[in-house]
Amino acid sequence: MRELTRVEDAMFEAAQNLEFEEAARLRDRLHELRERQLALG
């Protein structure tokens, strides 16, 4: 899933830039996407 990869990359970039609130928001979004992917099979 492209969006999953995009969000993961953005999360790591935010963390490297010490933008921890943004990284946490992206982490939560990543979790939502993975849950949805598991639910869809």
# chains A, B, ... in the order shown; residues from 1 in each chain; ligands from 1
>>> residues_around(residues="region 30-32 of chain A", least_positions_apart="3", cutoff="12 Å", atoms="only C-alpha atoms", output="PyMOL selection string")
chain A and resi 1-12+23-27+35-39
